[in-house]
Structure formats: C-alpha cells, structure tokens
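final_35.cif follows; it contains mmCIF, C-alpha atoms and all ligand atoms.
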```cif
data_run
#
loop_
_atom_site.label_atom_id
_atom_site.label_comp_id
_atom_site.auth_asym_id
_atom_site.auth_seq_id
_atom_site.Cartn_x
_atom_site.Cartn_y
_atom_site.Cartn_z
CA MET A 97 0.00 0.00 0.00
CA ASN A 98 1.24 3.51 -0.72
CA SER A 99 2.43 5.08 2.52
CA ASN A 100 0.30 8.20 1.98
CA PHE A 101 -2.90 6.26 1.29
CA VAL A 102 -5.74 6.93 3.73
CA PRO A 103 -8.23 4.03 3.86
CA LEU A 104 -11.87 4.77 3.16
CA SER A 105 -14.98 3.66 5.02
CA ALA A 106 -17.50 1.50 3.15
CA GLU A 107 -19.79 4.53 2.87
CA GLU A 108 -17.01 6.67 1.38
CA LEU A 109 -16.16 3.96 -1.12
CA VAL A 110 -19.82 3.61 -2.15
CA THR A 111 -20.01 7.39 -2.63
CA LYS A 112 -17.03 7.30 -4.99
CA ILE A 113 -18.51 4.39 -6.93
CA SER A 114 -21.88 6.13 -7.21
CA LYS A 115 -20.26 8.75 -9.50
CA ILE A 116 -19.71 6.12 -12.20
CA PRO A 117 -22.57 5.59 -14.69
CA ARG A 118 -24.59 2.46 -13.92
CA VAL A 119 -27.83 0.68 -14.80
CA ASN A 120 -29.88 -1.11 -12.21
CA LEU A 121 -29.86 -4.86 -12.93
CA ALA A 122 -29.06 -6.64 -9.65
CA LEU A 123 -30.93 -7.04 -6.38
CA LEU A 124 -28.35 -5.71 -3.92
CA PRO A 125 -26.98 -6.17 -1.36
CA THR A 126 -26.76 -9.94 -1.66
CA VAL A 127 -26.78 -11.85 1.61
CA LEU A 128 -23.60 -12.79 3.51
CA GLU A 129 -24.76 -16.10 4.90
CA PHE A 130 -23.11 -17.99 7.77
CA ALA A 131 -22.93 -21.70 6.86
CA PRO A 132 -23.02 -23.58 10.21
CA ASN A 133 -22.87 -27.22 9.07
CA ILE A 134 -19.97 -26.91 6.65
CA SER A 135 -18.20 -24.65 9.16
CA LYS A 136 -18.41 -27.45 11.72
CA GLU A 137 -17.24 -30.02 9.17
CA LEU A 138 -14.17 -27.94 8.24
CA GLY A 139 -13.45 -26.48 11.70
CA ILE A 140 -13.67 -22.88 10.45
CA ASN A 141 -16.28 -20.11 10.38
CA LEU A 142 -17.50 -20.02 6.80
CA PHE A 143 -19.59 -17.18 5.41
CA ILE A 144 -20.91 -17.36 1.85
CA LYS A 145 -21.53 -14.17 -0.12
CA ARG A 146 -24.61 -15.15 -2.13
CA ASP A 147 -23.82 -13.46 -5.41
CA ASP A 148 -25.59 -16.37 -7.06
CA CYS A 149 -28.71 -14.50 -5.89
CA THR A 150 -28.29 -11.23 -7.81
CA ALA A 151 -31.64 -12.20 -9.40
CA LEU A 152 -31.08 -11.59 -13.13
CA ALA A 153 -31.78 -14.84 -15.05
CA PHE A 154 -30.42 -17.07 -12.24
CA GLY A 155 -27.93 -14.43 -11.10
CA GLY A 156 -24.16 -14.41 -10.66
CA ASN A 157 -21.15 -12.11 -10.45
CA LYS A 158 -21.61 -10.90 -14.02
CA THR A 159 -24.83 -9.09 -13.13
CA ARG A 160 -22.74 -6.76 -10.99
CA HIS A 161 -20.25 -6.26 -13.85
CA LEU A 162 -22.99 -5.57 -16.38
CA GLU A 163 -24.52 -2.80 -14.27
CA PHE A 164 -21.46 -0.71 -15.17
CA ILE A 165 -20.54 -2.18 -18.57
CA MET A 166 -24.07 -1.71 -19.94
CA ALA A 167 -24.45 1.88 -18.76
CA LYS A 168 -23.35 2.97 -22.25
CA ALA A 169 -26.49 1.39 -23.67
CA PHE A 170 -28.43 4.46 -22.55
CA SER A 171 -26.59 6.73 -25.02
CA GLY A 172 -29.03 5.75 -27.78
CA ASP A 173 -26.09 4.81 -30.03
CA TYR A 174 -26.85 1.07 -29.94
CA ASP A 175 -29.66 -1.25 -31.00
CA CYS A 176 -28.11 -4.55 -29.90
CA ILE A 177 -25.26 -6.06 -27.91
CA LEU A 178 -22.55 -8.35 -29.24
CA THR A 179 -20.52 -10.47 -26.87
CA GLY A 180 -18.99 -13.92 -26.61
CA ALA A 181 -17.37 -16.54 -24.42
CA ALA A 182 -17.55 -20.32 -23.99
CA SER A 183 -20.72 -22.11 -25.08
CA GLN A 184 -21.87 -22.59 -21.45
CA SER A 185 -21.13 -18.99 -20.47
CA ASN A 186 -22.71 -17.52 -17.37
CA PHE A 187 -21.59 -14.10 -18.54
CA CYS A 188 -23.44 -14.42 -21.85
CA ARG A 189 -26.59 -15.63 -20.09
CA GLN A 190 -26.64 -12.59 -17.84
CA ALA A 191 -25.64 -10.22 -20.67
CA VAL A 192 -28.56 -11.36 -22.84
CA ALA A 193 -30.95 -11.00 -19.90
CA ALA A 194 -29.60 -7.49 -19.23
CA ALA A 195 -29.97 -6.57 -22.92
CA ASN A 196 -33.58 -7.76 -22.83
CA LYS A 197 -34.28 -5.49 -19.87
CA LEU A 198 -32.78 -2.59 -21.82
CA ASN A 199 -34.75 -3.41 -25.03
CA LEU A 200 -31.67 -4.42 -27.02
CA ASP A 201 -31.25 -7.50 -29.23
CA SER A 202 -28.36 -9.86 -28.47
CA TYR A 203 -25.74 -11.53 -30.61
CA LEU A 204 -23.45 -14.15 -29.09
CA VAL A 205 -20.30 -15.70 -30.56
CA LEU A 206 -19.47 -18.80 -28.55
CA MET A 207 -16.43 -21.06 -28.59
CA HIS A 208 -17.50 -24.67 -29.10
CA GLY A 209 -15.25 -26.03 -26.30
CA ILE A 210 -16.39 -29.08 -24.35
CA LYS A 211 -20.17 -28.63 -24.49
CA GLY A 212 -20.68 -27.10 -27.94
CA ARG A 213 -24.32 -26.78 -28.98
CA MET A 214 -25.72 -29.06 -26.27
CA MET A 215 -29.18 -27.61 -25.62
CA GLN A 216 -28.86 -27.59 -21.85
CA GLY A 217 -27.83 -25.27 -19.02
CA ASN A 218 -26.82 -21.81 -20.18
CA PHE A 219 -27.16 -22.71 -23.88
CA LEU A 220 -30.82 -23.56 -23.30
CA LEU A 221 -31.26 -20.26 -21.48
CA TYR A 222 -29.85 -18.27 -24.45
CA ASN A 223 -32.63 -19.87 -26.47
CA ILE A 224 -35.33 -18.99 -23.94
CA LEU A 225 -33.97 -15.46 -23.66
CA GLY A 226 -34.01 -15.10 -27.46
CA ALA A 227 -30.34 -14.50 -28.30
CA ASN A 228 -28.88 -14.88 -31.82
CA VAL A 229 -26.15 -17.47 -31.37
CA ASP A 230 -23.12 -18.42 -33.49
CA VAL A 231 -20.88 -21.26 -32.32
CA VAL A 232 -17.32 -21.22 -33.65
CA GLU A 233 -14.99 -24.21 -33.64
CA GLY A 234 -12.16 -24.39 -31.10
CA GLU A 235 -11.79 -23.98 -27.36
CA ASP A 236 -9.15 -21.28 -26.86
CA LEU A 237 -11.02 -18.51 -25.05
CA GLU A 238 -8.28 -16.05 -25.95
CA GLU A 239 -9.48 -16.25 -29.59
CA ILE A 240 -12.84 -14.71 -28.71
CA PRO A 241 -11.89 -11.05 -29.42
CA LYS A 242 -10.88 -12.01 -32.96
CA HIS A 243 -14.25 -13.69 -33.59
CA LEU A 244 -16.11 -10.77 -32.03
CA ASP A 245 -14.33 -8.26 -34.29
CA LYS A 246 -15.36 -10.28 -37.35
CA LYS A 247 -18.98 -10.51 -36.25
CA TYR A 248 -19.00 -6.80 -35.42
CA LYS A 249 -18.06 -5.95 -39.02
CA ASP A 250 -20.82 -8.25 -40.33
CA LEU A 251 -23.42 -6.61 -38.11
CA ILE A 252 -22.33 -3.10 -39.11
CA LYS A 253 -22.63 -4.12 -42.79
CA LYS A 254 -26.19 -5.23 -42.05
CA GLY A 255 -26.97 -1.81 -40.60
CA ARG A 256 -27.02 -2.86 -36.94
CA LYS A 257 -25.54 -0.70 -34.18
CA PRO A 258 -23.92 -3.18 -31.76
CA LEU A 259 -22.56 -2.42 -28.32
CA LEU A 260 -19.47 -4.64 -28.46
CA ILE A 261 -18.72 -6.17 -25.06
CA TYR A 262 -15.33 -7.85 -24.83
CA GLY A 263 -15.90 -8.73 -21.14
CA GLY A 264 -12.78 -10.25 -19.62
CA PHE A 265 -10.76 -9.34 -22.74
CA GLY A 266 -11.76 -5.66 -22.82
CA LYS A 267 -9.53 -3.08 -21.18
CA GLU A 268 -12.44 -0.86 -20.15
CA ASP A 269 -14.92 -3.66 -19.37
CA THR A 270 -12.51 -5.36 -16.96
CA VAL A 271 -11.97 -2.10 -15.07
CA LEU A 272 -15.70 -1.42 -14.78
CA ALA A 273 -16.25 -5.00 -13.61
CA ALA A 274 -13.58 -4.54 -10.93
CA VAL A 275 -15.32 -1.38 -9.75
CA SER A 276 -18.53 -3.40 -9.37
CA TYR A 277 -16.66 -5.83 -7.09
CA ALA A 278 -15.12 -3.05 -5.05
CA ASN A 279 -18.77 -2.19 -4.43
CA ALA A 280 -19.45 -5.78 -3.36
CA MET A 281 -16.56 -5.49 -0.91
CA ALA A 282 -18.14 -2.37 0.59
CA GLU A 283 -21.32 -4.42 1.06
CA ILE A 284 -19.35 -7.19 2.76
CA ASP A 285 -17.58 -4.64 4.97
CA LEU A 286 -20.91 -3.43 6.34
CA GLN A 287 -22.21 -6.99 6.67
CA MET A 288 -19.12 -8.08 8.61
CA LYS A 289 -19.58 -5.15 10.99
CA LYS A 290 -23.19 -6.19 11.57
CA GLN A 291 -22.19 -9.82 12.11
CA ASN A 292 -19.26 -8.75 14.27
CA PHE A 293 -16.29 -10.42 12.59
CA MET A 294 -13.39 -9.71 10.22
CA ALA A 295 -12.46 -12.22 7.53
CA ASP A 296 -9.03 -13.86 7.74
CA HIS A 297 -9.43 -15.22 4.20
CA LEU A 298 -11.61 -14.45 1.20
CA PHE A 299 -11.88 -16.99 -1.61
CA VAL A 300 -13.13 -16.13 -5.06
CA THR A 301 -13.15 -18.21 -8.22
CA ALA A 302 -11.83 -15.75 -10.72
CA ALA A 303 -10.52 -15.43 -14.23
CA ASN A 304 -9.34 -11.83 -13.73
CA MET A 305 -11.74 -8.95 -13.10
CA THR A 306 -13.77 -10.21 -10.14
CA GLN A 307 -10.61 -10.92 -8.17
CA ALA A 308 -9.22 -7.52 -9.15
CA GLY A 309 -12.30 -5.87 -7.62
CA CYS A 310 -11.92 -7.90 -4.42
CA GLU A 311 -8.23 -6.98 -4.15
CA LEU A 312 -8.95 -3.32 -4.73
CA GLY A 313 -11.89 -3.17 -2.31
CA ALA A 314 -9.94 -4.96 0.44
CA LYS A 315 -7.04 -2.48 0.14
CA ILE A 316 -9.25 0.59 -0.02
CA LEU A 317 -11.10 -0.58 3.11
CA ASN A 318 -7.85 -1.62 4.83
CA TRP A 319 -8.84 -5.21 5.55
CA PRO A 320 -6.13 -7.51 6.94
CA THR A 321 -7.69 -10.35 4.95
CA ARG A 322 -5.76 -12.71 2.65
CA ILE A 323 -7.53 -12.65 -0.74
CA GLN A 324 -7.20 -15.89 -2.67
CA GLY A 325 -8.23 -16.21 -6.30
CA VAL A 326 -8.78 -19.68 -7.74
CA SER A 327 -8.52 -20.02 -11.49
CA PRO A 328 -11.02 -21.93 -13.67
CA VAL A 329 -8.71 -21.71 -16.71
CA TYR A 330 -5.07 -21.92 -17.83
CA TRP A 331 -4.33 -18.56 -19.49
CA LYS A 332 -1.46 -17.96 -21.88
CA MET A 333 -1.33 -14.38 -20.62
CA ASN A 334 0.31 -13.54 -17.28
CA ILE A 335 -2.84 -13.42 -15.18
CA LYS A 336 -1.32 -11.88 -12.03
CA LYS A 337 -0.02 -8.99 -14.13
CA ASP A 338 -3.43 -8.60 -15.73
CA ILE A 339 -5.16 -8.55 -12.34
CA ALA A 340 -2.69 -5.94 -11.04
CA ARG A 341 -3.24 -3.87 -14.21
CA ILE A 342 -7.03 -3.97 -13.69
CA CYS A 343 -6.60 -3.00 -10.00
CA ASN A 344 -4.42 -0.03 -10.94
CA GLU A 345 -6.77 1.27 -13.62
CA ALA A 346 -9.82 0.81 -11.37
CA ALA A 347 -7.97 2.64 -8.56
CA LYS A 348 -7.42 5.53 -10.99
CA MET A 349 -11.07 5.50 -12.02
CA LEU A 350 -12.05 5.77 -8.35
CA ASP A 351 -9.34 8.34 -7.73
CA VAL A 352 -7.63 6.38 -4.95
CA ASN A 353 -3.89 6.50 -4.54
CA LEU A 354 -3.04 2.79 -4.56
CA GLU A 355 -0.60 0.81 -6.63
CA PHE A 356 -0.70 -2.95 -7.18
CA MET A 357 2.12 -5.24 -8.35
CA HIS A 358 1.67 -8.74 -9.72
CA ASN A 359 3.50 -10.23 -6.72
CA MET A 360 0.77 -8.90 -4.39
CA ILE A 361 -1.81 -11.18 -6.03
CA ASN A 362 -2.59 -14.75 -4.81
CA HIS A 363 -4.03 -16.67 -7.74
CA ASP A 364 -3.96 -20.47 -7.74
CA LYS A 365 -4.12 -22.47 -10.99
CA SER A 366 -3.85 -25.92 -9.43
CA TYR A 367 -7.57 -26.69 -9.31
CA VAL A 368 -8.48 -26.26 -13.00
CA GLY A 369 -8.10 -29.96 -13.85
CA VAL A 370 -7.59 -31.00 -17.46
CA LYS A 371 -8.78 -27.72 -18.97
CA TYR A 372 -11.33 -24.95 -18.85
CA GLY A 373 -14.84 -26.40 -18.80
CA SER A 374 -13.89 -29.87 -17.58
CA THR A 375 -14.93 -31.05 -14.13
CA THR A 376 -12.55 -32.35 -11.46
CA LYS A 377 -13.17 -35.15 -8.96
CA GLU A 378 -12.37 -32.76 -6.08
CA GLY A 379 -14.69 -30.11 -7.52
CA VAL A 380 -17.62 -32.50 -7.84
CA GLU A 381 -16.97 -33.78 -4.29
CA ALA A 382 -16.86 -30.20 -3.00
CA MET A 383 -20.12 -29.43 -4.82
CA LYS A 384 -21.83 -32.46 -3.29
CA LEU A 385 -20.46 -31.73 0.19
CA LEU A 386 -21.81 -28.16 0.22
CA ALA A 387 -25.13 -29.32 -1.26
CA ASN A 388 -25.41 -31.99 1.47
CA LYS A 389 -24.44 -29.72 4.33
CA GLU A 390 -26.12 -26.46 3.36
CA GLY A 391 -28.46 -27.05 0.40
CA ILE A 392 -26.35 -24.73 -1.76
CA ILE A 393 -25.68 -25.81 -5.36
CA LEU A 394 -22.30 -24.70 -6.75
CA ASP A 395 -21.48 -24.81 -10.47
CA PRO A 396 -19.22 -27.42 -12.13
CA VAL A 397 -16.80 -25.11 -13.97
CA TYR A 398 -15.98 -22.29 -11.55
CA THR A 399 -17.20 -22.30 -7.98
CA SER A 400 -16.90 -26.06 -7.35
CA LYS A 401 -13.19 -25.69 -8.11
CA GLY A 402 -12.91 -22.60 -5.91
CA PHE A 403 -14.61 -24.45 -3.09
CA ALA A 404 -12.40 -27.52 -3.62
CA ALA A 405 -9.41 -25.19 -3.20
CA LEU A 406 -10.86 -23.79 0.03
CA ILE A 407 -11.27 -27.32 1.44
CA ASP A 408 -7.73 -28.21 0.36
CA TYR A 409 -6.32 -25.04 1.96
CA VAL A 410 -7.98 -26.10 5.24
CA LYS A 411 -6.40 -29.58 4.90
CA LYS A 412 -2.99 -28.03 4.20
CA GLY A 413 -3.28 -25.67 7.18
CA ILE A 414 -3.12 -22.49 5.05
CA ILE A 415 -6.55 -21.78 6.49
CA LYS A 416 -6.23 -22.50 10.20
CA LYS A 417 -8.86 -24.00 12.46
CA GLY A 418 -11.23 -21.39 13.86
CA GLU A 419 -10.45 -18.77 11.20
CA ASN A 420 -13.12 -16.67 9.51
CA VAL A 421 -13.43 -17.37 5.81
CA ILE A 422 -15.62 -15.75 3.17
CA PHE A 423 -16.39 -17.65 -0.01
CA ILE A 424 -17.85 -15.53 -2.79
CA PHE A 425 -20.38 -17.68 -4.56
CA THR A 426 -20.21 -16.11 -8.01
CA GLY A 427 -23.10 -18.17 -9.41
CA GLY A 428 -23.15 -20.41 -12.47
CA SER A 429 -25.47 -23.13 -11.09
CA PRO A 430 -27.57 -23.44 -14.31
CA ALA A 431 -24.53 -25.12 -15.88
CA VAL A 432 -25.07 -28.21 -13.66
CA PHE A 433 -27.78 -29.34 -16.09
CA ALA A 434 -25.23 -29.56 -18.91
CA TYR A 435 -22.92 -31.67 -16.72
CA SER A 436 -25.25 -34.43 -15.50
CA GLU A 437 -22.94 -37.18 -16.79
CA GLU A 438 -19.76 -35.83 -15.17
CA ILE A 439 -21.53 -35.08 -11.88
CA THR A 440 -23.20 -38.49 -11.56
CA ARG A 441 -20.32 -40.57 -12.97
C1 LIG B 1 -19.70 -18.57 -11.96
C2 LIG B 1 -18.49 -17.77 -12.29
N1 LIG B 1 -17.59 -17.54 -11.33
C3 LIG B 1 -16.46 -16.84 -11.57
C4 LIG B 1 -16.20 -16.31 -12.83
C5 LIG B 1 -14.95 -15.55 -13.04
O1 LIG B 1 -15.21 -14.20 -13.08
P1 LIG B 1 -14.16 -13.17 -13.71
O2 LIG B 1 -14.04 -13.49 -15.15
O3 LIG B 1 -14.76 -11.86 -13.48
O4 LIG B 1 -12.89 -13.30 -12.98
C6 LIG B 1 -17.11 -16.52 -13.86
C7 LIG B 1 -16.83 -16.03 -15.20
O5 LIG B 1 -17.44 -16.31 -16.18
C8 LIG B 1 -18.30 -17.26 -13.59
O6 LIG B 1 -19.20 -17.47 -14.54
#
```
Written form, structure tokens:
Amino acid sequence: MNSNFVPLSAEELVTKISKIPRVNLALLPTVLEFAPNISKELGINLFIKRDDCTALAFGGNKTRHLEFIMAKAFSGDYDCILTGAASQSNFCRQAVAAANKLNLDSYLVLMHGIKGRMMQGNFLLYNILGANVDVVEGEDLEEIPKHLDKKYKDLIKKGRKPLLIYGGFGKEDTVLAAVSYANAMAEIDLQMKKQNFMADHLFVTAANMTQAGCELGAKILNWPTRIQGVSPVYWKMNIKKDIARICNEAAKMLDVNLEFMHNMINHDKSYVGVKYGSTTKEGVEAMKLLANKEGIILDPVYTSKGFAALIDYVKKGIIKKGENVIFIFTGGSPAVFAYSEEITR
C-alpha cells in the first residue's frame, strides 16, 4: 500500500462508486450467509456471499459487472449487444438477460469447447432469452476477441448498431467489472460489521476482473484479509499482471492513490483440472459436500473448483482451524444441467 494512502470507510467507497454511470440490474446487497454445518465439518467459520442471488436470469457475479458495462447502452447509439465466451457462459446468459431489460437485441459468438451446442444449461437459457447465437470451432477462449471483431463488421454491414462487449478481454470492461466488485466489498464490509467479525481469508473463483475488484476493495477498506483467487482456466497471458493492471486502472477511475504489483496477487491455478470447462473429482466432491451440508448448489466449472481449493487449503493448514473465511459464490449453477454425466459418474 502507498504510505500516503488513507483508507476509506464503506460509505465513502460507495459514494465514490456512485459517480460512475450504472444501470440497475441486480438485487443488492446480496446476503452474507453464515454456513453452520460446513463450518463445523471444516473447523472454520465459513460465510458465503450469495452473489448467485443477484436475481437476473439465475444471477451471478456478471450481473454486478454488467450494471457498469451496460451503462453505455443508454446513449441511444446502440440497437443490440454483441458479446462472446464459452458455449456454457454464465456471462453471456446474464448479458442477454440485461440486454432484454434494456430493449436491445443480443448476438453471441461462442467457442465450441467441451459442451458445444448441447441444448442444456446456459445454452438452453440463451434460447429462452431469445439471443442470436453463433458457435465457432475451437476452445481457446483467448481467440474470442478475434471472432467478435469479425462478427462486429458483419453486423455493421447489415446496418445494426452493436454495443461490443469484450468482457474479460476488454480493457475498459474489466476495469468497470472490478469497480462493481469493489462495491461488493463495501457491502461485505458493512455486513461483517453487523455480524461482528473480520475475515481472515476471502476466496473467489476468478478469471481476472472479479478478483481484481476484491483486491482493490480490500485495500481501499484496509482489511487484513488474505484474498485468494482460484482459477477456472489456464491462461497464456500472465494473469497476475493482468489482475494488477485492472486493479491499478480501477484505482485511478475511483481516484484512490493505490498501486498494485503482480507479486501482491494470490491466484492459484492448481484446481483447473484437465482444462477450462472440464470437471474435477475434487470439484464435484466439494459441490456435493456443500449441497449436502447447506443445500447450496455450486457450479461445475468455476465455484466447485474454488470451493475444492478452500477445502484443500484447510487440509494443508493455510486456512487455520477457527479462522473466519468468506467464499464468494459467483453463481453459475444453471450449468449443472449440462454436466449431469460428469456429476453423476
Ligand atoms: C460462476 C463464475 N464464477 C467466476 C467467474 C470468473 O469471473 P471473472 O471473469 O470476473 O474473474 C465466472 C466467469 O465467467 C463465472 O461465470
């Protein structure tokens, strides 16, 4: 932390964030729920931030992101959105739902990956929500911007006016998404005060921008908490550098004097399994354990792996007995329906 940085209160942080254009899409604040049975099982105090309950089309972390990313839609310059990700994308599901609320059509370009056109889970929901969907061959998520640029040109030729959303690959989108998670951290700050504890650890399953927002919020609010990101994907890019870059740009946007370096970021890639979109034995076990103990259904691609990491960190003693741990449940549960075979194998 910069030596001349003065931490902010949650209220001061929220005031800063309120200056940034935003559309109302999420039901906030989401609950910070104490989970007594799994806490007992693991010997810790586990609190789950229920961002799966943001309410938009089954909810998730992306609803928070989209409140800021979609603010541009009000300019009147657009008649549709264009975005893309994997074929079972929680982001795309929430983006289409947000576009519907804002009276915009949706175009999705999806990487085929493991699940392709299987009409289940999020892919089924794109259909119900009425999105125009293209599936492109391949599974490298880092190719998405190239496919989006091509589709953008096609749509322009057809006279459409697309709002192009690069999401995790967009410089501006990632910063706005991080701001939305700094806001979530302000919510948690107030909730911790009410529930009379301070987190020793915060776990978040994160590709880049959600973790960046958690890191930024924790520093602004001066938490002593260890933030741990758990990756759902093997990136070619240096992800810690990207997270630090997003933190720094979001700090500038909020006009706070903080600087982040890649070596300040804890981001663990050891729970991905074979590749993005595949399940792991530990992830499925973690999903079933939480479902059995608390009736909470994690998703197979992101949060089950994040929760498997949390359990493993308890086993390894990185999380110590009796410590306070927050797990951010970033949503994604609709994807379970596309993974019935892997989950019941
Ligand atoms: C359920 C879920 N959790 C976590 C993430 C990771 O979020 P981010 O890309 O903002 O790091 C995603 C991204 O798609 C997601 O769908």
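Distances here use all atoms listed in the file; by that measure, the residue among A:Tyr330, A:Met281, A:Phe170, A:Ala193 closest to Glu235 of chain A is A:Tyr330.
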In terms of only C-alpha atoms, the residue from A:Val127, A:Ile240, A:Leu406, A:Ile113 at minimal distance from Val300 of chain A is A:Leu406
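Nearest residue to ligand LIG 1 (chain B), choosing from A:Ala181, A:Leu286, A:Met360, A:Ala382 and counting only C-alpha atoms and all ligand atoms: A:Ala181.
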Which polymer residues have any atom within 10 Å of an atom of segment 376-379 of chain A, counting only C-alpha atoms, with same-chain residues fewer than 3 positions away left out, as a VMD selection string? chain A and resid 367 to 371 373 382 to 385 394 to 405 407 to 408 438 to 439 441
Generate a file of the selected residues that holds C-alpha atoms, formatted as a compact mmCIF listing (two decimals), in the frame of the given file.
```
# COMPACT_ATOMS: atom_id res chain seq x y z
CA TYR A 367 -7.57 -26.69 -9.31
CA VAL A 368 -8.48 -26.26 -13.00
CA GLY A 369 -8.10 -29.96 -13.85
CA VAL A 370 -7.59 -31.00 -17.46
CA LYS A 371 -8.78 -27.72 -18.97
CA GLY A 373 -14.84 -26.40 -18.80
CA ALA A 382 -16.86 -30.20 -3.00
CA MET A 383 -20.12 -29.43 -4.82
CA LYS A 384 -21.83 -32.46 -3.29
CA LEU A 385 -20.46 -31.73 0.19
CA LEU A 394 -22.30 -24.70 -6.75
CA ASP A 395 -21.48 -24.81 -10.47
CA PRO A 396 -19.22 -27.42 -12.13
CA VAL A 397 -16.80 -25.11 -13.97
CA TYR A 398 -15.98 -22.29 -11.55
CA THR A 399 -17.20 -22.30 -7.98
CA SER A 400 -16.90 -26.06 -7.35
CA LYS A 401 -13.19 -25.69 -8.11
CA GLY A 402 -12.91 -22.60 -5.91
CA PHE A 403 -14.61 -24.45 -3.09
CA ALA A 404 -12.40 -27.52 -3.62
CA ALA A 405 -9.41 -25.19 -3.20
CA ILE A 407 -11.27 -27.32 1.44
CA ASP A 408 -7.73 -28.21 0.36
CA GLU A 438 -19.76 -35.83 -15.17
CA ILE A 439 -21.53 -35.08 -11.88
CA ARG A 441 -20.32 -40.57 -12.97
```
Grab me every residue within 7 Å of ligand LIG 1 (chain B), counting only C-alpha atoms and all ligand atoms, and send it over as a PyMOL selection string. chain A and resi 156-158+185-187+264+301-307+395+398-399+426-428
Selection export as a compact mmCIF listing (two decimals), keeping the file's coordinate frame, atoms kept: C-alpha atoms:
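Saved the output as again_27.txt:
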```
# COMPACT_ATOMS: atom_id res chain seq x y z
CA GLY A 156 -24.16 -14.41 -10.66
CA ASN A 157 -21.15 -12.11 -10.45
CA LYS A 158 -21.61 -10.90 -14.02
CA SER A 185 -21.13 -18.99 -20.47
CA ASN A 186 -22.71 -17.52 -17.37
CA PHE A 187 -21.59 -14.10 -18.54
CA GLY A 264 -12.78 -10.25 -19.62
CA THR A 301 -13.15 -18.21 -8.22
CA ALA A 302 -11.83 -15.75 -10.72
CA ALA A 303 -10.52 -15.43 -14.23
CA ASN A 304 -9.34 -11.83 -13.73
CA MET A 305 -11.74 -8.95 -13.10
CA THR A 306 -13.77 -10.21 -10.14
CA GLN A 307 -10.61 -10.92 -8.17
CA ASP A 395 -21.48 -24.81 -10.47
CA TYR A 398 -15.98 -22.29 -11.55
CA THR A 399 -17.20 -22.30 -7.98
CA THR A 426 -20.21 -16.11 -8.01
CA GLY A 427 -23.10 -18.17 -9.41
CA GLY A 428 -23.15 -20.41 -12.47
```
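Put simply, atom CA of Leu225 of chain A is 6.8 Å away from atom CA of Val192 of chain A.
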Would it be fine to have segment 102-121 of chain A, with N, CA and C atoms, given as a compact mmCIF listing (two decimals), in the first residue's frame?
```
# COMPACT_ATOMS: atom_id res chain seq x y z
N VAL A 102 -4.85 6.93 2.56
CA VAL A 102 -5.74 6.93 3.73
C VAL A 102 -6.93 6.04 3.40
N PRO A 103 -7.11 4.93 4.16
CA PRO A 103 -8.23 4.03 3.86
C PRO A 103 -9.58 4.74 3.91
N LEU A 104 -10.53 4.20 3.19
CA LEU A 104 -11.87 4.77 3.16
C LEU A 104 -12.82 3.88 3.98
N SER A 105 -13.91 4.47 4.43
CA SER A 105 -14.98 3.66 5.02
C SER A 105 -15.81 3.08 3.87
N ALA A 106 -16.64 2.09 4.18
CA ALA A 106 -17.50 1.50 3.15
C ALA A 106 -18.40 2.58 2.53
N GLU A 107 -18.89 3.47 3.37
CA GLU A 107 -19.79 4.53 2.87
C GLU A 107 -19.04 5.45 1.91
N GLU A 108 -17.79 5.79 2.26
CA GLU A 108 -17.01 6.67 1.38
C GLU A 108 -16.71 5.99 0.04
N LEU A 109 -16.43 4.70 0.11
CA LEU A 109 -16.16 3.96 -1.12
C LEU A 109 -17.42 3.92 -2.01
N VAL A 110 -18.56 3.67 -1.39
CA VAL A 110 -19.82 3.61 -2.15
C VAL A 110 -20.10 4.99 -2.78
N THR A 111 -19.79 6.05 -2.08
CA THR A 111 -20.01 7.39 -2.63
C THR A 111 -19.15 7.60 -3.87
N LYS A 112 -17.91 7.17 -3.80
CA LYS A 112 -17.03 7.30 -4.99
C LYS A 112 -17.60 6.49 -6.16
N ILE A 113 -18.01 5.27 -5.86
CA ILE A 113 -18.51 4.39 -6.93
C ILE A 113 -19.80 4.95 -7.54
N SER A 114 -20.59 5.63 -6.72
CA SER A 114 -21.88 6.13 -7.21
C SER A 114 -21.72 7.21 -8.28
N LYS A 115 -20.49 7.72 -8.46
CA LYS A 115 -20.26 8.75 -9.50
C LYS A 115 -20.09 8.12 -10.88
N ILE A 116 -19.94 6.81 -10.92
CA ILE A 116 -19.71 6.12 -12.20
C ILE A 116 -21.05 5.67 -12.79
N PRO A 117 -21.27 5.94 -14.09
CA PRO A 117 -22.57 5.59 -14.69
C PRO A 117 -22.90 4.10 -14.53
N ARG A 118 -24.19 3.83 -14.30
CA ARG A 118 -24.59 2.46 -13.92
C ARG A 118 -26.05 2.24 -14.27
N VAL A 119 -26.41 1.02 -14.65
CA VAL A 119 -27.83 0.68 -14.80
C VAL A 119 -28.19 -0.29 -13.68
N ASN A 120 -29.46 -0.27 -13.32
CA ASN A 120 -29.88 -1.11 -12.21
C ASN A 120 -30.32 -2.48 -12.73
N LEU A 121 -29.53 -3.51 -12.45
CA LEU A 121 -29.86 -4.86 -12.93
C LEU A 121 -29.94 -5.88 -11.80
```
